[in-house]
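Enquirer: Following this message is one structure expressed as structure tokens.
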Amino acid sequence: MGTRRQRPIIIGAAIMVALLVALVLGVGMGTVGIAPSDTMAILAHRLLGLDFGAHWSPAAETIVMDLRLPRVLTTMLVGMALAVAGVTFQGLLRNPLADPYVLGTASGAALGAAIAVLIPVRSLVLGFGLVNGLAFVGALASVVVVYRLARLSGLAPLTGLLLTGYAVGSLLAAGLAMAMYLSGAGLRQIVGYLLGGFANASWEHLAGALPIVLITSVLILLRARTLDGLLLGEEAAAHLGIDVRRERRILLALASLVTAAAVAISGLIGFVGLVVPHVVRLLVGPSTRLVLPLSALGGAALLAYADLAARLAGDIPVGVVTALIGAPFFIIVLRRARAGYEL
Amino acid sequence: MPIPRSTPRAVFGALLAILFLVGACTASGASQAPIAASPVAVASATPAPTVAPTASPTPAPAFPVTLTDDEGTAVTIPAEPKKIVTLTPAATELLFKLGAGDRVVAKVEDVADFPPEAHDLPVVATFQGVDTEKIVGLGADLVIAGGNFGTPPDAVAKLRSLGIPVVVVYAPTVDGALKDIELIGSAVGTADAAKDLTASMRAGMDQVSAAVAGLPAPRVFYETGTDPSGTVYGIADASVYQELIKLAGGDPITTGSAQDWAQSTENLVAADPQIILLGDGAYGMTADAVAARPGWKSLTAVKDGAITPVDDIVVTRPGPRLVDGLLVLAKALHPDAVLPSLAPAAP
């Protein structure tokens, strides 16, 4: 596959091509059949201002521009966010099983969403409903609580974070169970949030989440060297001149922010943040400066194709598809990995 | 390019705050983003008066109209809807009854598959969710959705954001059901037909109430279902079932809670129903199976063999057949009373 130096570039290019194909397929396919020529004409007209003289129905234009296009772009954004968070958490916690939800984020977001469903407020602010808002707040609040509690424990920082994350997550899950019990007819909506999905993707959601995801991802990428250092261990990192405590806090905040932005608009989609970083590491090695951007692209591609498959299979939950696609692929890549693969 | 270590925390906090502001501003900017194209389709239908040309003076046109749906949302319908999508089975029945059946282009999955004329309509919503793409693809200009999470609120919001008027109906009372019939009638331009329908329904219900007035009201347990773990579900406090049973001349036994529909056997034995109505009779529940349940043989209803299956859908569907449902209940509770016969089947 070319020399070691070329490999990441080739992989990056391949994933970008895959993303482009996913975009085209995602916008062109759906439950309503729209002729590909019409789709192209609509996109050219609305995005580029070109007019080919084609005619299409207003319904087709709405479907392409307001339903499918924001949906495909949202899947890519969320996939990127989850993968970036996964890389960061795995590096921060030096744990190969870490995913974006390891510090109770999932339970916090789910509880926030469940509470929002119980509150009979239907208004939208800037296109965001109460469910989005409380899920975002819940995700961030749970990480803050975990971090504060972990510092109080006498355990080593990483162990403390992981164990406290598990404990707080369990507590929040109990709260979620209670909320589900009280929800009555709203149970279906809560479960819908837990399964995750992009049926409600909109330009407003995209516009709200895009700046957060992009800026935090760039900030994490700027700290790639720090993440590499932290991977070597606390002492080694300190000897490299990294302010371990401070950098840990900053990276934790950034990773939690990007996760919160993702779960606020798409619900809890698992597997992407866990597996994509590993697959990328197996292909290009552990250097965060390579792993981070390639994972971002890979996560975007995985989720885009997963959502497309979920849509065509009758709108099944996208989390099911990510597991079905990713797990076998991960097993195959693992088997091909050379001995000695470690985080 | 490492960030200098001397950057104070406040700057980082300010950066986060700026992130949120940028996000908020971009989001508000984006709400003017790609306009919904469907108003174009709606505007092409010319507003038409709802009354056929006769000698009487033409009334004011019924459209455009702004209605308040059952969630308190003001919904504006610019012209008489020609492509209606019904997301509740009751609305499907109602529209066919009101003569607007030819304007319905899609419906929700209906386990009762009623009326037969609606059988071939495409299904755009099931218990799993609503296919908004199909609804938009059909060029819908009015959607009737179910409240209380019957139709996922996200789908309602999405359709509204695409410019399709959505009227959400939810009727936890008999009066509410009749009001919804009139609301839907106004929404589709058949307000007069709807008023006639509710008037005849009210008359029918009054007839039933009159027929059972003065008769002793038996204690009734209405079973809405069971689950594999053995839990039996009755009716919750303040539900429409309770109201209907009272109207039909019965004394309903409820679960004791407004949200929990599970009936505890202890409370049931203490209440001792004289009649058991099986709403889940259509799903395979038999009188023998009920009588065989542990602890149930002490109930008067079981001893007397007064266990009757009823058509749960007709009893509770808040549509034009609600009176039939009331009659079904009244017949089951007072078999000897003189009751008006069931209305003939739908058109």
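Every chain in the structure tokens takes a letter, A first, then B, and so on in the order presented; its residues are numbered from 1, and the ligands are numbered from 1 following the presented order.
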Might you pull out every residue within 8 Å of Val166 of chain B, with only C-alpha atoms counted and same-chain residues fewer than 3 positions away left off, and present them as a VMD selection string?
Expert: chain B and resid 75 142 to 145 156 159 to 160
Enquirer: Produce a file of the selected residues containing N, CA and C atoms, as a PDB file, in the first residue's frame.
Expert:
ATOM      1  N   VAL B  75     -52.908  26.832  13.888  1.00  0.00           N
ATOM      2  CA  VAL B  75     -52.531  26.266  12.596  1.00  0.00           C
ATOM      3  C   VAL B  75     -53.294  27.003  11.505  1.00  0.00           C
ATOM      4  N   LEU B 142     -52.240  19.050   4.091  1.00  0.00           N
ATOM      5  CA  LEU B 142     -52.772  19.048   5.459  1.00  0.00           C
ATOM      6  C   LEU B 142     -52.462  17.693   6.068  1.00  0.00           C
ATOM      7  N   VAL B 143     -52.001  17.717   7.315  1.00  0.00           N
ATOM      8  CA  VAL B 143     -51.744  16.469   8.019  1.00  0.00           C
ATOM      9  C   VAL B 143     -52.518  16.519   9.327  1.00  0.00           C
ATOM     10  N   ILE B 144     -53.223  15.430   9.640  1.00  0.00           N
ATOM     11  CA  ILE B 144     -53.917  15.348  10.931  1.00  0.00           C
ATOM     12  C   ILE B 144     -53.153  14.350  11.778  1.00  0.00           C
ATOM     13  N   ALA B 145     -52.611  14.826  12.887  1.00  0.00           N
ATOM     14  CA  ALA B 145     -51.736  13.989  13.713  1.00  0.00           C
ATOM     15  C   ALA B 145     -52.374  13.725  15.072  1.00  0.00           C
ATOM     16  N   VAL B 156     -44.038  15.913  13.831  1.00  0.00           N
ATOM     17  CA  VAL B 156     -44.957  17.042  13.683  1.00  0.00           C
ATOM     18  C   VAL B 156     -44.165  18.330  13.458  1.00  0.00           C
ATOM     19  N   LEU B 159     -42.615  18.397   9.923  1.00  0.00           N
ATOM     20  CA  LEU B 159     -43.568  18.696   8.860  1.00  0.00           C
ATOM     21  C   LEU B 159     -43.954  20.170   8.876  1.00  0.00           C
ATOM     22  N   ARG B 160     -44.159  20.696  10.088  1.00  0.00           N
ATOM     23  CA  ARG B 160     -44.503  22.117  10.182  1.00  0.00           C
ATOM     24  C   ARG B 160     -43.369  22.985   9.662  1.00  0.00           C
TER      25      ARG B 160
END
Enquirer: Enumerate, as an NGL selection string, the complete set of residues in segment 178-232 of chain B that a backbone-based DSSP assignment places in strand (DSSP E or B).
Expert: :B and (219-223 or 225-226 or 232)
Enquirer: Those selected residues, please, written with N, CA and C atoms and delivered as a compact mmCIF listing (two decimals), in the first residue's frame.
Expert:
# COMPACT_ATOMS: atom_id res chain seq x y z
N ARG B 219 -71.02 -3.24 38.77
CA ARG B 219 -69.60 -2.94 38.85
C ARG B 219 -68.90 -3.65 37.69
N VAL B 220 -68.17 -2.87 36.93
CA VAL B 220 -67.58 -3.39 35.70
C VAL B 220 -66.06 -3.34 35.77
N PHE B 221 -65.41 -4.43 35.38
CA PHE B 221 -63.98 -4.37 35.15
C PHE B 221 -63.74 -4.52 33.66
N TYR B 222 -63.11 -3.50 33.07
CA TYR B 222 -62.83 -3.53 31.64
C TYR B 222 -61.36 -3.86 31.46
N GLU B 223 -61.09 -5.00 30.87
CA GLU B 223 -59.70 -5.40 30.70
C GLU B 223 -59.19 -4.92 29.36
N GLY B 225 -55.90 -5.31 28.43
CA GLY B 225 -54.87 -6.19 27.89
C GLY B 225 -54.13 -6.92 28.99
N THR B 226 -53.22 -7.77 28.57
CA THR B 226 -52.33 -8.45 29.52
C THR B 226 -50.94 -8.45 28.91
N VAL B 232 -52.23 -7.81 34.46
CA VAL B 232 -53.50 -7.54 33.78
C VAL B 232 -53.69 -6.03 33.76
Enquirer: Skipping near chain neighbours, those fewer than 5 positions away, what residues fall within 8 Å of segment 200-212 of chain B using only C-alpha atoms, listed as a short mmCIF file (atom, residue, chain, number, x, y, z; two decimals) with N, CA and C atoms, in the first residue's frame?
Expert:
data_model
loop_
_atom_site.label_atom_id
_atom_site.label_comp_id
_atom_site.auth_asym_id
_atom_site.auth_seq_id
_atom_site.Cartn_x
_atom_site.Cartn_y
_atom_site.Cartn_z
N LEU B 247 -71.49 6.35 31.09
CA LEU B 247 -72.57 6.73 30.19
C LEU B 247 -73.41 5.51 29.81
N ALA B 248 -72.76 4.36 29.74
CA ALA B 248 -73.48 3.15 29.36
C ALA B 248 -74.19 2.52 30.54
N GLY B 249 -74.15 3.18 31.68
CA GLY B 249 -74.89 2.69 32.82
C GLY B 249 -74.13 1.67 33.64
N PRO B 320 -66.18 8.65 14.29
CA PRO B 320 -67.63 8.62 14.08
C PRO B 320 -68.34 7.40 14.66
N LEU B 322 -68.04 6.24 17.66
CA LEU B 322 -68.01 6.24 19.12
C LEU B 322 -69.37 5.86 19.70
N VAL B 323 -70.43 6.30 19.01
CA VAL B 323 -71.77 5.94 19.52
C VAL B 323 -71.97 4.43 19.45
N LEU B 326 -70.44 3.00 22.39
CA LEU B 326 -71.27 3.17 23.58
C LEU B 326 -72.38 2.13 23.60
N LEU B 327 -72.96 1.89 22.44
CA LEU B 327 -74.03 0.88 22.35
C LEU B 327 -73.49 -0.50 22.69
N ALA B 330 -73.24 -0.62 26.36
CA ALA B 330 -74.55 -0.64 27.02
C ALA B 330 -75.20 -2.01 26.87
N HIS B 334 -76.25 -4.03 30.04
CA HIS B 334 -77.68 -4.16 30.29
C HIS B 334 -78.33 -4.90 29.13
N ALA B 337 -82.07 -4.19 28.52
CA ALA B 337 -82.63 -2.85 28.29
C ALA B 337 -82.98 -2.68 26.82
N VAL B 338 -83.90 -1.77 26.56
CA VAL B 338 -84.30 -1.49 25.18
C VAL B 338 -83.39 -0.40 24.64
N LEU B 339 -82.53 -0.80 23.72
CA LEU B 339 -81.53 0.16 23.23
C LEU B 339 -81.72 0.40 21.74
N PRO B 340 -81.37 1.60 21.29
CA PRO B 340 -81.42 1.82 19.83
C PRO B 340 -80.45 0.86 19.14
#
Enquirer: Looking at only C-alpha atoms, which of B:Val302, B:Ala79, B:Ala262, B:Leu67 is the one that sits closest to chain A?
Expert: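 Of the candidates, the smallest distance to chain A is held by B:Ala262.
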Enquirer: Taking only C-alpha atoms into account, report as a PDB file with N, CA and C atoms, in the first residue's frame which residues of chain A lie within 7 Å of chain B.
Expert:
ATOM      1  N   THR A  31     -37.080   6.971   0.387  1.00  0.00           N
ATOM      2  CA  THR A  31     -38.334   6.250   0.174  1.00  0.00           C
ATOM      3  C   THR A  31     -39.122   6.804  -0.999  1.00  0.00           C
ATOM      4  N   VAL A  32     -38.826   8.044  -1.375  1.00  0.00           N
ATOM      5  CA  VAL A  32     -39.508   8.613  -2.544  1.00  0.00           C
ATOM      6  C   VAL A  32     -38.514   8.613  -3.702  1.00  0.00           C
ATOM      7  N   PRO A  58     -41.935  20.925  -6.629  1.00  0.00           N
ATOM      8  CA  PRO A  58     -41.513  21.554  -5.369  1.00  0.00           C
ATOM      9  C   PRO A  58     -41.285  20.512  -4.281  1.00  0.00           C
ATOM     10  N   ALA A  59     -42.084  19.438  -4.343  1.00  0.00           N
ATOM     11  CA  ALA A  59     -41.909  18.400  -3.322  1.00  0.00           C
ATOM     12  C   ALA A  59     -40.520  17.787  -3.434  1.00  0.00           C
ATOM     13  N   ALA A  60     -40.075  17.530  -4.665  1.00  0.00           N
ATOM     14  CA  ALA A  60     -38.747  16.928  -4.847  1.00  0.00           C
ATOM     15  C   ALA A  60     -37.678  17.858  -4.301  1.00  0.00           C
ATOM     16  N   GLU A  61     -37.856  19.156  -4.554  1.00  0.00           N
ATOM     17  CA  GLU A  61     -36.855  20.101  -4.067  1.00  0.00           C
ATOM     18  C   GLU A  61     -36.816  20.098  -2.546  1.00  0.00           C
ATOM     19  N   THR A  62     -38.008  20.084  -1.910  1.00  0.00           N
ATOM     20  CA  THR A  62     -38.046  20.048  -0.454  1.00  0.00           C
ATOM     21  C   THR A  62     -37.369  18.794   0.068  1.00  0.00           C
ATOM     22  N   ILE A  63     -37.662  17.674  -0.575  1.00  0.00           N
ATOM     23  CA  ILE A  63     -37.096  16.419  -0.092  1.00  0.00           C
ATOM     24  C   ILE A  63     -35.579  16.446  -0.201  1.00  0.00           C
ATOM     25  N   MET A  65     -33.434  19.124  -0.596  1.00  0.00           N
ATOM     26  CA  MET A  65     -32.711  20.188   0.103  1.00  0.00           C
ATOM     27  C   MET A  65     -33.003  20.245   1.590  1.00  0.00           C
ATOM     28  N   ASP A  66     -34.238  19.934   2.009  1.00  0.00           N
ATOM     29  CA  ASP A  66     -34.585  20.111   3.419  1.00  0.00           C
ATOM     30  C   ASP A  66     -34.639  18.817   4.197  1.00  0.00           C
ATOM     31  N   LEU A 126     -34.616  28.621  18.064  1.00  0.00           N
ATOM     32  CA  LEU A 126     -33.619  28.522  16.994  1.00  0.00           C
ATOM     33  C   LEU A 126     -33.609  27.124  16.375  1.00  0.00           C
ATOM     34  N   GLY A 184     -45.200   7.288  30.687  1.00  0.00           N
ATOM     35  CA  GLY A 184     -46.468   6.978  30.036  1.00  0.00           C
ATOM     36  C   GLY A 184     -46.319   6.928  28.533  1.00  0.00           C
ATOM     37  N   ALA A 185     -47.101   7.745  27.854  1.00  0.00           N
ATOM     38  CA  ALA A 185     -47.095   7.704  26.394  1.00  0.00           C
ATOM     39  C   ALA A 185     -45.786   8.225  25.807  1.00  0.00           C
ATOM     40  N   GLY A 186     -45.020   8.947  26.581  1.00  0.00           N
ATOM     41  CA  GLY A 186     -43.782   9.504  26.051  1.00  0.00           C
ATOM     42  C   GLY A 186     -42.645   8.508  26.006  1.00  0.00           C
ATOM     43  N   GLN A 189     -40.802   8.071  22.741  1.00  0.00           N
ATOM     44  CA  GLN A 189     -39.890   9.118  22.321  1.00  0.00           C
ATOM     45  C   GLN A 189     -38.558   8.988  23.067  1.00  0.00           C
ATOM     46  N   ASN A 200     -34.675  13.501  12.404  1.00  0.00           N
ATOM     47  CA  ASN A 200     -35.031  14.900  12.651  1.00  0.00           C
ATOM     48  C   ASN A 200     -33.902  15.858  12.332  1.00  0.00           C
ATOM     49  N   TRP A 203     -31.303  21.808   9.024  1.00  0.00           N
ATOM     50  CA  TRP A 203     -30.233  22.789   8.839  1.00  0.00           C
ATOM     51  C   TRP A 203     -29.930  23.518  10.144  1.00  0.00           C
ATOM     52  N   GLU A 204     -30.976  23.742  10.961  1.00  0.00           N
ATOM     53  CA  GLU A 204     -30.741  24.457  12.218  1.00  0.00           C
ATOM     54  C   GLU A 204     -29.840  23.649  13.144  1.00  0.00           C
ATOM     55  N   ALA A 207     -26.332  23.746  11.792  1.00  0.00           N
ATOM     56  CA  ALA A 207     -25.670  25.029  12.001  1.00  0.00           C
ATOM     57  C   ALA A 207     -25.288  25.215  13.460  1.00  0.00           C
ATOM     58  N   GLY A 208     -26.083  24.692  14.364  1.00  0.00           N
ATOM     59  CA  GLY A 208     -25.756  24.823  15.777  1.00  0.00           C
ATOM     60  C   GLY A 208     -24.578  23.964  16.181  1.00  0.00           C
ATOM     61  N   ALA A 209     -24.535  22.749  15.657  1.00  0.00           N
ATOM     62  CA  ALA A 209     -23.491  21.817  16.096  1.00  0.00           C
ATOM     63  C   ALA A 209     -22.184  22.008  15.344  1.00  0.00           C
ATOM     64  N   PRO A 211     -20.205  24.609  14.346  1.00  0.00           N
ATOM     65  CA  PRO A 211     -19.094  25.381  14.908  1.00  0.00           C
ATOM     66  C   PRO A 211     -18.470  24.704  16.123  1.00  0.00           C
ATOM     67  N   ILE A 212     -19.338  24.144  16.993  1.00  0.00           N
ATOM     68  CA  ILE A 212     -18.804  23.501  18.195  1.00  0.00           C
ATOM     69  C   ILE A 212     -17.887  22.355  17.805  1.00  0.00           C
ATOM     70  N   LEU A 222      -4.654  20.596  17.685  1.00  0.00           N
ATOM     71  CA  LEU A 222      -3.507  21.413  18.064  1.00  0.00           C
ATOM     72  C   LEU A 222      -2.774  20.809  19.262  1.00  0.00           C
ATOM     73  N   ARG A 223      -3.500  20.011  20.030  1.00  0.00           N
ATOM     74  CA  ARG A 223      -2.894  19.375  21.197  1.00  0.00           C
ATOM     75  C   ARG A 223      -2.492  17.934  20.915  1.00  0.00           C
TER      76      ARG A 223
END
